[in-house]
Amino acid sequence: MAEYDKSAGNGKGDARTVIEVALKRFKLCVEAERSIRELALEDLRFRAGQQWPEHIKSERDRDMRPCLTINRILPAIRQVTNDQRQNRGAIKVSPVDDKGDIETANVLQGLIRNIEYTSNADVAFDTAFDAAVTGSFGYVRVITDYTEPNSFDQVLKIMRVRNPFMIYVDPDTREVDYADAKFAFVVELLTAEEYKSAYPKSELAGIDDWSSIGDQSPDWVTKDHVRVVEYYSLVKEQDTLLLLRDTRTGQERAILKSIFGDEELPKGLEVLAERSTETVKTKWCKLNAIEILEETDWDDDEIPIVPVLGDELDIDGKRVLEGMVRHAKDPQRMLNYWKSAETEAIALAPRAPWVGAEGQFEGHPEWDTANTRSHSKLEYKPTSLNGQPVPRPERLAVEPAVMAITNASFGAADDIKAVTQVYDAGLGQRSNETSGRGIIARQQQGQLGNFHYIDNLTRARRRVARILVRMIPKIYNTPRILRIIGEDDTVETVAVNQRTKRNGVERVFDLTTGRYDVIVQTGPGFATRRKEAVESMMGVITANPDLMGTIGDLVIKNMDWPGAQEISERMKKMLPPQLQEGEDGQPPVPPQAQQKLEQYGQMIEALTKQLNEANDALKTKSLELASRERIEEGKAQLELRLAQLKLDSQEAIALLQAEVDAMKAHMGFDMQTAAEEAREAAQRV
């Protein structure tokens with residue numbers, strides 16, 4: 001069968017092919033699910049109180065006979081659905097490869113809780129579960145939306161499906177959660193005014209007379225209405241998987257060749273191996289019978305429509321779905337009939353007809369209302385028409401079988417309990433059990449009889465969570481600040497896809513890497529478990545009152561009333577020192593030791609101050625000594641220089657004297673005059 005390929009273009013030929021395939025597939029879904037939907041609709045109407053066959057109800061209304069409806073199925077359904085609301089499943093995320101880690105899994109887990117909170121997912125699951133219990137099937141959707149009108153950031157949402165009859169899914173699916181469905185439809189019926197307001201530029205909006213289109217597609221377009229559907233379809237595409245190695249880091253990874261397109265591989269990447277593979281993509285479009293109104297891709301290989309089913313049977317290859325109402329209708333009809341008969345028998349018992357001779361009632365119209373009004377007297381003629389004396393009129397009394405009718409109604413009520421598996425103890429009524437253990441056992445008997453409905457809801461929640469885990473890396477793939485919600489409903493913000501500090505440690509919560517899987521933990525929620533913990537602890541304290549001084553802060557902490565946390569903190573301060581914890585989780589220092597430590601701290605601070613002052617003084621003294629040493633050294637060097645100069649001067653004088661003597665001897669100078677000139681020269685030196 002031809003399939004839509006967005007890359008082939010958006011021409012009318014492609015659109016026409018999409019519409020033709022969609023019309024054929026939709027017709028296939030309608031024919032395959034016709035009986036399932038008819039029975040489910042009948043179950044839904046029966047639950048709503050339409051429990052009498054129309055022809056019987058018309059006859060009884062015409063004869064003015066009671067036609068009562070004592071709806072015992074409704075409380076049985078609410079017992080199952082309200083039990084589910086008290087025990088909502090909790091999603092647990094865990095890594096499945098070496099690229100994932102526990103901390104990131106906890107962030108994903110908190111993000112999924114936030115998605116559930118902002119989407120009112122509890123309403124979506126409750127609506128689907130109620131529909132499954134009543135009519136055998138319900139649905140939940142996962143969609144994307146923008147955070148704000150002026151933002152490109154998207155978020156995931158879990159969407160409620162109020163009317164499950166608007167969803168059509170591939171009838172050839174084999175998985176119980178429809179994970180293998182190849183196509184699905186979400187139907188919406190719009191009036192002409194609503195359609196033209198929503199799609200004013202569409203081709204159909206420009207056509208004034210829809211009758212000709214209605215003749216071609218009578219189920220899709222009428223004179224006043226048009227069917228608009230969201231059409232999901234899976235498309236398989238052939239591709240090549242490349243095993244690449246980064247030559248710089250040595251890291252290996254597998255990437256589809258289509259990611260690079262016709263471009264060459266970036267430098268630094270080496271192809272180690274390649275093989276042919278097949279990828280699956282989900283296409284989404286909104287269309288009517290003649291045109292595609294919107295289109296986009298859903299970036300996952302599964303259609304984000306998840307069923308919540310009742311009982312699923314395969315009878316001679318034909319799929320059958322059943323809810324709680326299906327087999328409870330006959331005993332409920334019996335109960336309605338016997339209660340109506342009981343009412344009729346008791347109400348008409350004093351209205352037995354009066355029997356008298358012909359002519360006895362003439363002239364006395366009060367006999368006509370003798371069964372409906374109270375009269376102070378009733379007169380009659382003591383003779384008949386022929387003048388014969390007759391006795392007074394008497395009632396023709398017939399004793400109705402009220403006891404038998406009542407017993408039959410009790411039997412019908414018991415049949416309803418047996419079929420629905422909801423007994424008196426489950427409905428809060430007193431039964432033969434007297435002990436608490438016996439009452440709990442009877443309640444659990446009813447819960448086990450209908451546990452398959454809750455188990456089917458758990459499967460649906462698991463598939464929704466897996467869709468979210470696969471889609472989060474594709475939607476939340478930019479650096480953001482996200483709100484996450486803890487198991488105890490505590491709220492905090494976390495920076496993802498960027499470096500951040502958490503609990504004093506710097507790290508990166510990269511939502512785009514690693515593989516994660518989910519499990520759904522069923523049973524009481526955190527608030528219920530906390531309440532049960534309080535009851536258990538109070539039982540222990542009742543048996544041993546002295547423990548109140550030891551665990552009293554924990555008991556009060558888990559209670560839900562104003563001021564509980566403040567009282568818990570005060571009681572915690574009154575605990576013995578060995579049970580108290582400091583800010584770092586270690587036992588705190590006793591007050592006496594803490595006072596001593598403070599005194600020691602003050603002493604250490606004073607000694608440290610004195611030591612610093614002594615060090616400063618020592619440094620000053622050292623500088624003074626160093627200065628004196630340098631001065632003395634300078635003096636010694638100066639004296640040594642002067643002595644050297646003096647010695648040099650004497651040697652110079654002696655040398656000069658010798659030269660003078662030689663000159664005198666040679667030139668005949670005066671000895672005395674020469675000596676005087678030598679002394680003067682020496683003095684100048």
# chains A, B, ... in the order shown; residues from 1 in each chain; ligands from 1
call {"tool": "closest_atom_pairs", "arguments": {"of": "range 99-174 of chain A", "to": "range 302-309 of chain A", "cutoff": "7 Å", "atoms": "only C-alpha atoms", "output": "JSON lines"}}
result
{"residue": "A:Ala128", "atom": "CA", "partner": "A:Val308", "partner_atom": "CA", "distance": 6.1}
{"residue": "A:Phe129", "atom": "CA", "partner": "A:Val308", "partner_atom": "CA", "distance": 6.2}
{"residue": "A:Ala132", "atom": "CA", "partner": "A:Leu309", "partner_atom": "CA", "distance": 5.2}
{"residue": "A:Ser136", "atom": "CA", "partner": "A:Leu309", "partner_atom": "CA", "distance": 5.7}
{"residue": "A:Phe137", "atom": "CA", "partner": "A:Leu309", "partner_atom": "CA", "distance": 4.5}
{"residue": "A:Gly138", "atom": "CA", "partner": "A:Val308", "partner_atom": "CA", "distance": 5.1}
{"residue": "A:Tyr139", "atom": "CA", "partner": "A:Pro307", "partner_atom": "CA", "distance": 4.4}
{"residue": "A:Val140", "atom": "CA", "partner": "A:Val306", "partner_atom": "CA", "distance": 5.2}
{"residue": "A:Arg141", "atom": "CA", "partner": "A:Ile305", "partner_atom": "CA", "distance": 4.7}
{"residue": "A:Val142", "atom": "CA", "partner": "A:Pro304", "partner_atom": "CA", "distance": 5.3}
call {"tool": "atom_distance", "arguments": {"atom1": "CA of Gln421 in chain A", "atom2": "CA of Ala76 in chain A"}}
result
8.3 Å
call {"tool": "closest_residue", "arguments": {"among": "A:Met334, A:Leu44, A:Leu511, A:Val18", "to": "Tyr232 in chain A", "atoms": "only C-alpha atoms"}}
result
A:Val18
call {"tool": "closest_residue", "arguments": {"among": "A:Phe125, A:Tyr380, A:Phe361, A:Phe185", "to": "Ala460 in chain A", "atoms": "only C-alpha atoms"}}
result
A:Phe125
call {"tool": "closest_residue", "arguments": {"among": "A:Lys339, A:Arg466, A:Arg62, A:Arg72", "to": "Ile416 in chain A", "atoms": "only C-alpha atoms"}}
result
A:Arg72
call {"tool": "residues_around", "arguments": {"residues": "Ile472 in chain A", "least_positions_apart": "6", "cutoff": "9 Å", "atoms": "only C-alpha atoms", "output": "list of chain:residue names"}}
result
A:Leu108, A:Val155, A:Leu156, A:Leu511, A:Thr512
call {"tool": "closest_residue", "arguments": {"among": "A:Asn150, A:Thr522, A:Thr493, A:Thr17", "to": "Ile292 in chain A", "atoms": "only C-alpha atoms"}}
result
A:Thr17
call {"tool": "residues_around", "arguments": {"residues": "Ala413 in chain A", "least_positions_apart": "2", "cutoff": "8 Å", "atoms": "only C-alpha atoms", "output": "list in words"}}
result
Arg72, Pro331, Gln332, Leu335, Ser409, Phe410, Gly411, Asp415, Ile416 and Lys417 of chain A
call {"tool": "write_last_selection", "arguments": {"atoms": "C-alpha atoms", "output": "PDB file, in the first residue's frame"}}
result
ATOM      1  CA  ARG A  72     -26.354  -1.643  41.796  1.00  0.00           C
ATOM      2  CA  PRO A 331     -28.868  -9.773  37.046  1.00  0.00           C
ATOM      3  CA  GLN A 332     -29.327  -5.993  37.142  1.00  0.00           C
ATOM      4  CA  LEU A 335     -33.264  -6.814  40.172  1.00  0.00           C
ATOM      5  CA  SER A 409     -34.777  -9.602  44.406  1.00  0.00           C
ATOM      6  CA  PHE A 410     -32.237 -10.676  47.048  1.00  0.00           C
ATOM      7  CA  GLY A 411     -31.037 -13.405  44.712  1.00  0.00           C
ATOM      8  CA  ASP A 415     -25.856 -12.371  41.418  1.00  0.00           C
ATOM      9  CA  ILE A 416     -24.640  -8.820  40.766  1.00  0.00           C
ATOM     10  CA  LYS A 417     -22.062  -9.189  43.553  1.00  0.00           C
TER      11      LYS A 417
END
call {"tool": "select_by_dssp", "arguments": {"residues": "range 222-470 of chain A", "states": "helix (DSSP H, G or I)", "output": "short mmCIF file (atom, residue, chain, number, x, y, z; two decimals) with C-alpha atoms, in the first residue's frame"}}
result
data_model
loop_
_atom_site.label_atom_id
_atom_site.label_comp_id
_atom_site.auth_asym_id
_atom_site.auth_seq_id
_atom_site.Cartn_x
_atom_site.Cartn_y
_atom_site.Cartn_z
CA LYS A 257 24.25 7.99 6.71
CA SER A 258 21.12 10.05 6.00
CA ILE A 259 22.19 12.46 8.76
CA ARG A 326 -21.14 -6.58 30.23
CA HIS A 327 -22.11 -9.63 32.31
CA ALA A 328 -23.81 -7.73 35.11
CA LYS A 329 -26.65 -6.49 32.92
CA ASP A 330 -28.87 -9.57 33.22
CA PRO A 331 -28.87 -9.77 37.05
CA GLN A 332 -29.33 -5.99 37.14
CA ARG A 333 -32.39 -6.29 34.87
CA MET A 334 -33.75 -9.02 37.14
CA LEU A 335 -33.26 -6.81 40.17
CA ASN A 336 -35.06 -3.93 38.46
CA TYR A 337 -37.97 -6.21 37.48
CA TRP A 338 -38.40 -7.80 40.92
CA LYS A 339 -38.15 -4.46 42.72
CA SER A 340 -40.79 -3.04 40.39
CA ALA A 341 -43.00 -6.11 40.93
CA GLU A 342 -42.49 -5.89 44.69
CA THR A 343 -43.47 -2.24 44.69
CA GLU A 344 -46.45 -2.92 42.48
CA ALA A 345 -47.70 -5.83 44.63
CA ILE A 346 -47.42 -3.96 47.90
CA ALA A 347 -48.81 -0.70 46.54
CA LEU A 348 -51.84 -2.32 44.87
CA ALA A 349 -52.67 -4.74 47.70
CA PRO A 350 -55.23 -2.37 49.41
CA ARG A 351 -56.72 -1.52 46.04
CA PRO A 365 -70.34 7.97 42.61
CA GLU A 366 -68.10 7.75 45.69
CA TRP A 367 -67.52 4.06 44.86
CA ASP A 368 -65.56 5.12 41.75
CA THR A 369 -62.84 6.65 43.95
CA VAL A 402 -44.55 -10.42 48.24
CA MET A 403 -42.22 -12.74 50.14
CA ALA A 404 -41.33 -14.72 47.01
CA ILE A 405 -40.74 -11.52 45.06
CA THR A 406 -38.52 -10.18 47.85
CA ASN A 407 -36.46 -13.36 47.94
CA ALA A 408 -36.04 -13.18 44.15
CA SER A 409 -34.78 -9.60 44.41
CA PHE A 410 -32.24 -10.68 47.05
CA GLY A 411 -31.04 -13.40 44.71
CA ALA A 412 -30.60 -10.93 41.86
CA ALA A 413 -28.58 -8.64 44.15
CA ASP A 414 -26.30 -11.54 45.08
CA ASP A 415 -25.86 -12.37 41.42
CA ILE A 416 -24.64 -8.82 40.77
CA LYS A 417 -22.06 -9.19 43.55
CA ALA A 418 -20.86 -12.51 42.16
CA VAL A 419 -20.50 -11.15 38.62
CA THR A 420 -18.78 -7.89 39.59
CA GLY A 436 -10.47 -7.00 61.28
CA ARG A 437 -8.41 -9.67 59.54
CA GLY A 438 -11.55 -11.29 58.19
CA ILE A 439 -12.95 -8.01 56.91
CA ILE A 440 -9.66 -7.18 55.17
CA ALA A 441 -9.58 -10.66 53.61
CA ARG A 442 -13.08 -10.17 52.16
CA GLN A 443 -12.12 -6.72 50.83
CA GLN A 444 -8.99 -8.16 49.24
CA GLN A 445 -11.09 -10.87 47.63
CA GLY A 446 -13.02 -8.20 45.74
CA GLN A 447 -9.83 -6.33 44.84
CA LEU A 448 -8.20 -9.47 43.44
CA GLY A 449 -11.31 -10.24 41.42
CA PHE A 451 -7.15 -6.52 39.72
CA HIS A 452 -6.76 -7.18 35.98
CA TYR A 453 -8.23 -3.74 35.28
CA ILE A 454 -5.57 -2.05 37.44
CA ASP A 455 -2.86 -4.24 35.90
CA ASN A 456 -3.92 -3.16 32.41
CA LEU A 457 -3.72 0.47 33.54
CA THR A 458 -0.19 -0.20 34.82
CA ARG A 459 0.80 -1.44 31.35
CA ALA A 460 -0.61 1.72 29.81
CA ARG A 461 1.28 3.93 32.29
CA ARG A 462 4.50 2.03 31.52
CA ARG A 463 4.12 2.60 27.78
CA VAL A 464 3.34 6.29 28.30
CA ALA A 465 6.45 6.62 30.46
CA ARG A 466 8.60 4.89 27.83
CA ILE A 467 7.30 7.27 25.17
CA LEU A 468 8.24 10.19 27.44
CA VAL A 469 11.73 8.77 28.10
CA ARG A 470 12.35 8.40 24.36
#
call {"tool": "residues_around", "arguments": {"residues": "range 277-286 of chain A", "least_positions_apart": "3", "cutoff": "7 Å", "atoms": "only C-alpha atoms", "output": "PDB file with C-alpha atoms, in the first residue's frame"}}
result
ATOM      1  CA  VAL A 228     -11.683  16.242  10.643  1.00  0.00           C
ATOM      2  CA  VAL A 229      -9.184  13.601  11.760  1.00  0.00           C
ATOM      3  CA  GLU A 230      -5.646  13.491  13.045  1.00  0.00           C
ATOM      4  CA  TYR A 231      -3.948  10.745  11.069  1.00  0.00           C
ATOM      5  CA  TYR A 232      -0.848   8.978  12.444  1.00  0.00           C
ATOM      6  CA  SER A 233       1.026   6.578  10.182  1.00  0.00           C
ATOM      7  CA  LEU A 234       4.353   4.776  10.361  1.00  0.00           C
ATOM      8  CA  VAL A 235       6.725   5.080   7.414  1.00  0.00           C
ATOM      9  CA  LYS A 236       9.652   2.699   6.868  1.00  0.00           C
ATOM     10  CA  GLU A 237      12.736   4.077   5.129  1.00  0.00           C
ATOM     11  CA  GLN A 238      15.917   2.292   3.986  1.00  0.00           C
ATOM     12  CA  ASP A 239      19.170   3.746   5.266  1.00  0.00           C
ATOM     13  CA  THR A 240      22.828   2.853   5.858  1.00  0.00           C
ATOM     14  CA  LEU A 241      24.287   2.606   9.338  1.00  0.00           C
ATOM     15  CA  ILE A 292      -4.567  17.979   4.179  1.00  0.00           C
ATOM     16  CA  LEU A 293      -4.922  20.839   6.638  1.00  0.00           C
ATOM     17  CA  GLU A 294      -1.712  20.423   8.698  1.00  0.00           C
ATOM     18  CA  GLU A 295       1.265  18.065   8.708  1.00  0.00           C
ATOM     19  CA  THR A 296       4.426  17.380  10.666  1.00  0.00           C
ATOM     20  CA  ASP A 297       6.623  14.531  11.951  1.00  0.00           C
ATOM     21  CA  TRP A 298       6.397  12.819  15.313  1.00  0.00           C
ATOM     22  CA  ASP A 299       9.999  12.016  16.173  1.00  0.00           C
ATOM     23  CA  ASP A 300       9.442   8.474  17.437  1.00  0.00           C
ATOM     24  CA  ASP A 301       8.855   5.011  16.031  1.00  0.00           C
ATOM     25  CA  GLU A 302       5.592   4.478  17.949  1.00  0.00           C
ATOM     26  CA  ILE A 303       2.221   6.176  17.664  1.00  0.00           C
TER      27      ILE A 303
END
call {"tool": "decode", "arguments": {"residues": "range 67-143 of chain A", "atoms": "C-alpha atoms", "output": "PDB file, in the first residue's frame"}}
result
ATOM      1  CA  CYS A  67     -40.699   0.768  36.020  1.00  0.00           C
ATOM      2  CA  LEU A  68     -37.949   1.176  38.637  1.00  0.00           C
ATOM      3  CA  THR A  69     -34.150   1.234  38.171  1.00  0.00           C
ATOM      4  CA  ILE A  70     -32.091   0.254  41.246  1.00  0.00           C
ATOM      5  CA  ASN A  71     -28.597   0.760  39.841  1.00  0.00           C
ATOM      6  CA  ARG A  72     -26.354  -1.643  41.796  1.00  0.00           C
ATOM      7  CA  ILE A  73     -23.681  -1.649  39.074  1.00  0.00           C
ATOM      8  CA  LEU A  74     -22.658   1.974  39.657  1.00  0.00           C
ATOM      9  CA  PRO A  75     -21.320   1.504  43.235  1.00  0.00           C
ATOM     10  CA  ALA A  76     -19.470  -1.642  42.099  1.00  0.00           C
ATOM     11  CA  ILE A  77     -17.755   0.335  39.327  1.00  0.00           C
ATOM     12  CA  ARG A  78     -16.896   3.153  41.704  1.00  0.00           C
ATOM     13  CA  GLN A  79     -15.426   0.673  44.165  1.00  0.00           C
ATOM     14  CA  VAL A  80     -12.929  -0.429  41.513  1.00  0.00           C
ATOM     15  CA  THR A  81     -12.174   3.017  40.071  1.00  0.00           C
ATOM     16  CA  ASN A  82     -11.827   4.727  43.459  1.00  0.00           C
ATOM     17  CA  ASP A  83      -9.529   1.967  44.671  1.00  0.00           C
ATOM     18  CA  GLN A  84      -7.336   2.749  41.674  1.00  0.00           C
ATOM     19  CA  ARG A  85      -7.336   6.446  42.547  1.00  0.00           C
ATOM     20  CA  GLN A  86      -6.079   5.648  46.030  1.00  0.00           C
ATOM     21  CA  ASN A  87      -3.252   3.472  44.690  1.00  0.00           C
ATOM     22  CA  ARG A  88      -1.789   5.340  41.746  1.00  0.00           C
ATOM     23  CA  GLY A  89       1.305   3.862  40.167  1.00  0.00           C
ATOM     24  CA  ALA A  90       4.687   5.541  40.526  1.00  0.00           C
ATOM     25  CA  ILE A  91       7.156   5.683  37.629  1.00  0.00           C
ATOM     26  CA  LYS A  92      10.756   4.617  38.299  1.00  0.00           C
ATOM     27  CA  VAL A  93      13.481   5.433  35.727  1.00  0.00           C
ATOM     28  CA  SER A  94      16.762   3.526  35.583  1.00  0.00           C
ATOM     29  CA  PRO A  95      19.753   3.555  33.162  1.00  0.00           C
ATOM     30  CA  VAL A  96      20.310   0.591  30.849  1.00  0.00           C
ATOM     31  CA  ASP A  97      23.739   1.363  29.337  1.00  0.00           C
ATOM     32  CA  ASP A  98      27.092   2.820  30.352  1.00  0.00           C
ATOM     33  CA  LYS A  99      26.182   6.310  29.099  1.00  0.00           C
ATOM     34  CA  GLY A 100      23.367   6.702  31.583  1.00  0.00           C
ATOM     35  CA  ASP A 101      23.707   7.297  35.317  1.00  0.00           C
ATOM     36  CA  ILE A 102      21.520   7.181  38.396  1.00  0.00           C
ATOM     37  CA  GLU A 103      21.518  10.947  39.019  1.00  0.00           C
ATOM     38  CA  THR A 104      20.336  11.722  35.487  1.00  0.00           C
ATOM     39  CA  ALA A 105      17.729   8.971  35.835  1.00  0.00           C
ATOM     40  CA  ASN A 106      16.443  10.707  38.966  1.00  0.00           C
ATOM     41  CA  VAL A 107      16.230  13.982  37.046  1.00  0.00           C
ATOM     42  CA  LEU A 108      14.272  12.243  34.281  1.00  0.00           C
ATOM     43  CA  GLN A 109      12.025  10.705  36.901  1.00  0.00           C
ATOM     44  CA  GLY A 110      11.360  14.095  38.485  1.00  0.00           C
ATOM     45  CA  LEU A 111      10.775  15.652  35.058  1.00  0.00           C
ATOM     46  CA  ILE A 112       8.192  12.982  34.208  1.00  0.00           C
ATOM     47  CA  ARG A 113       6.410  13.726  37.496  1.00  0.00           C
ATOM     48  CA  ASN A 114       6.384  17.401  36.547  1.00  0.00           C
ATOM     49  CA  ILE A 115       4.971  16.558  33.103  1.00  0.00           C
ATOM     50  CA  GLU A 116       2.257  14.517  34.789  1.00  0.00           C
ATOM     51  CA  TYR A 117       1.497  17.355  37.188  1.00  0.00           C
ATOM     52  CA  THR A 118       1.315  20.123  34.589  1.00  0.00           C
ATOM     53  CA  SER A 119      -0.705  17.911  32.228  1.00  0.00           C
ATOM     54  CA  ASN A 120      -3.241  16.757  34.854  1.00  0.00           C
ATOM     55  CA  ALA A 121      -2.219  13.245  33.893  1.00  0.00           C
ATOM     56  CA  ASP A 122      -4.140  11.792  36.836  1.00  0.00           C
ATOM     57  CA  VAL A 123      -7.363  12.984  35.185  1.00  0.00           C
ATOM     58  CA  ALA A 124      -6.292  11.482  31.861  1.00  0.00           C
ATOM     59  CA  PHE A 125      -5.561   8.061  33.397  1.00  0.00           C
ATOM     60  CA  ASP A 126      -8.674   8.142  35.601  1.00  0.00           C
ATOM     61  CA  THR A 127     -10.887   8.898  32.597  1.00  0.00           C
ATOM     62  CA  ALA A 128      -9.353   6.101  30.532  1.00  0.00           C
ATOM     63  CA  PHE A 129      -9.563   3.630  33.417  1.00  0.00           C
ATOM     64  CA  ASP A 130     -13.209   4.469  34.081  1.00  0.00           C
ATOM     65  CA  ALA A 131     -14.008   3.953  30.390  1.00  0.00           C
ATOM     66  CA  ALA A 132     -12.202   0.582  30.384  1.00  0.00           C
ATOM     67  CA  VAL A 133     -14.043  -0.670  33.476  1.00  0.00           C
ATOM     68  CA  THR A 134     -17.392   0.454  32.058  1.00  0.00           C
ATOM     69  CA  GLY A 135     -17.201  -0.087  28.305  1.00  0.00           C
ATOM     70  CA  SER A 136     -14.005  -2.156  27.902  1.00  0.00           C
ATOM     71  CA  PHE A 137     -11.624   0.477  26.452  1.00  0.00           C
ATOM     72  CA  GLY A 138     -10.241   3.961  27.013  1.00  0.00           C
ATOM     73  CA  TYR A 139      -7.290   5.970  25.672  1.00  0.00           C
ATOM     74  CA  VAL A 140      -4.491   8.350  26.724  1.00  0.00           C
ATOM     75  CA  ARG A 141      -2.446  10.520  24.347  1.00  0.00           C
ATOM     76  CA  VAL A 142       1.039  12.065  24.454  1.00  0.00           C
ATOM     77  CA  ILE A 143       1.426  15.361  22.604  1.00  0.00           C
TER      78      ILE A 143
END
